[in-house]
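Peer 1: First the structure, then my questions, so here it is.
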Amino acid sequence: MMYDWRAVPVAAVAVVAVIGRLTFASGDGEVPVQVVTRTEWQARPSNGSIGSNELPLPRAVIAHTAGVRCNSDEACIQQVRNLQQYQMDTLGFSDIGYHYLIGDNGRVYEGRSPNQRASFAGRNNGGSLAIAFIGNFDEELPAEGSLETAKSLIQQSVLQKHLAENYELLGHRQVSATKSPGDALFADIKQWPNWSNKSLL
């Protein structure tokens, strides 16, 4: 499904902003996870109350936005801003629905705080760390670097105690009636650590 999002201009300052870095310890040393903050992508403020999550969360859920893919800072910032506008103005959300979004440029875009309840999975919003790949992944996978970024982000979330050490990894379609994260991406995440075949529908 492709959303007809209205374009939201991106100021040049957002594109050239210094990107924050998070790191986590791995067997190969420290691996940087690049995170573009809400300030850097010029997020709108929330316009309503958002429920809270109790950390650490028991599951990470992989979704896709079903929109246009992006592979540059400028394009990905544009897509994140478009998605926030669509979800707030058309769907009536208080803010962008995911905790993190990942572009084909391998960068992570900050959405809601993990201690805030996501808005993407109905009754399963609570307890879910919502990670969305920007684009539609029914027929092909995100860039390889982006897939590795997602795995690193999950490990980082465990170290930050945002995600439980014994977390379960699920696809969006396992917690909500949707095709997300797309057939190709769903097949791939079944091979990731901690994937569970359970359904919460």
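By convention in this document, the chains of the structure tokens carry letters A, B, ... by their order, each chain's residues are numbered from 1, and ligands are numbered from 1 in the order they are shown.
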Write out as a list in words all residues of range 35-83 of chain A that backbone DSSP assigns to alpha helix (DSSP H).

Peer 2: Asp73, Glu74, Ala75, Cys76, Ile77, Gln78, Gln79, Val80, Arg81, Asn82 and Leu83 of chain A

Peer 1: Quick one: residues within 7 Å of Phe137 in chain A, only C-alpha atoms, excluding same-chain residues fewer than 5 positions away - as a list of chain:residue names?

Peer 2: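 Using only C-alpha atoms, the neighbours found are A:His64, A:Pro142, A:Pro181, A:Gly182, A:Asp183, A:Ala184, A:Leu185.
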
Peer 1: Show me, as a tab-separated table, the residues of range 112-150 of chain A having an atom within 10 Å of range 54-57 of chain A, each with the closest atom pair and its distance in Å, using only C-alpha atoms.

Peer 2:
```
residue	atom	partner	partner_atom	distance
A:Pro114	CA	A:Leu55	CA	7.8
A:Asn115	CA	A:Glu54	CA	6.5
A:Gln116	CA	A:Glu54	CA	8.6
A:Arg117	CA	A:Glu54	CA	9.0
A:Gly126	CA	A:Glu54	CA	8.5
A:Gly127	CA	A:Leu57	CA	5.0
A:Ser128	CA	A:Leu57	CA	6.2
A:Leu129	CA	A:Leu57	CA	6.7
```

Peer 1: Restricting the calculation to only C-alpha atoms, which member of A:Arg38, A:Lys179, A:Lys198, A:Arg107 is positioned closest to Leu153 in chain A?

Peer 2: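 The closest residue to Leu153 in chain A is A:Arg107.
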
Peer 1: Compile the contact shell of His172 in chain A as a list in words: residues with an atom at most 6 Å away, counting only C-alpha atoms, same-chain residues fewer than 5 positions apart removed.

Peer 2: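 Here the qualifying residues turn out to be Val61, Ile62, Ala63, Ser180 and Pro181 of chain A.
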
Peer 1: Just the residues within 7 Å of Glu168 in chain A, please, counting only C-alpha atoms, with nothing from its chain fewer than 5 positions along; format it as a VMD selection string.

Peer 2: chain A and resid 58 to 60 194 to 196

Peer 1: Measuring between only C-alpha atoms, which one of A:Leu83, A:Leu201, A:Val35, A:Leu91 shows the shortest distance to Ser152 in chain A?

Peer 2: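 So, comparing all the options, the nearest one is A:Val35.
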
Peer 1: I'd like the interatomic distance between CA of Gly111 in chain A and CA of Glu144 in chain A, to a tenth of an Å.

Peer 2: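 Separation between CA of Gly111 in chain A and CA of Glu144 in chain A: 22.1 Å.
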
Peer 1: Identify which of the residues A:Gln191, A:Arg69, A:Met88, A:Arg123 lies closest to Glu140 in chain A, counting only C-alpha atoms when measuring atom-to-atom distances.

Peer 2: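 The shortest atom-to-atom distance to Glu140 in chain A comes from A:Arg69.
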
Peer 1: Would you mind reading off the distance between CA of Thr65 in chain A and CA of Ser52 in chain A, one decimal, in Å?

Peer 2: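 Separation of CA of Thr65 in chain A and CA of Ser52 in chain A: 22.8 Å.
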
Peer 1: Figure out the distance between CA of Gln34 in chain A and CA of Val108 in chain A, please, to one decimal in Å.

Peer 2: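 Interatomic distance here is 5.9 Å.
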
Peer 1: For a quick check of understanding, using only C-alpha atoms, which of A:Val33, A:Val68, A:Leu141, A:Ala130 has the smallest distance to Asn53 in chain A?

Peer 2: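 Comparing A:Val33, A:Val68, A:Leu141, A:Ala130 against Asn53 in chain A, the winner is A:Ala130.
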
Peer 1: Give the answer as one residue: which of A:Leu170, A:Ala177, A:Ala187, A:Ile134 has the shortest atom-to-atom distance to Ala75 in chain A, using only C-alpha atoms?

Peer 2: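 Among the listed residues, the smallest separation from Ala75 in chain A belongs to A:Ile134.
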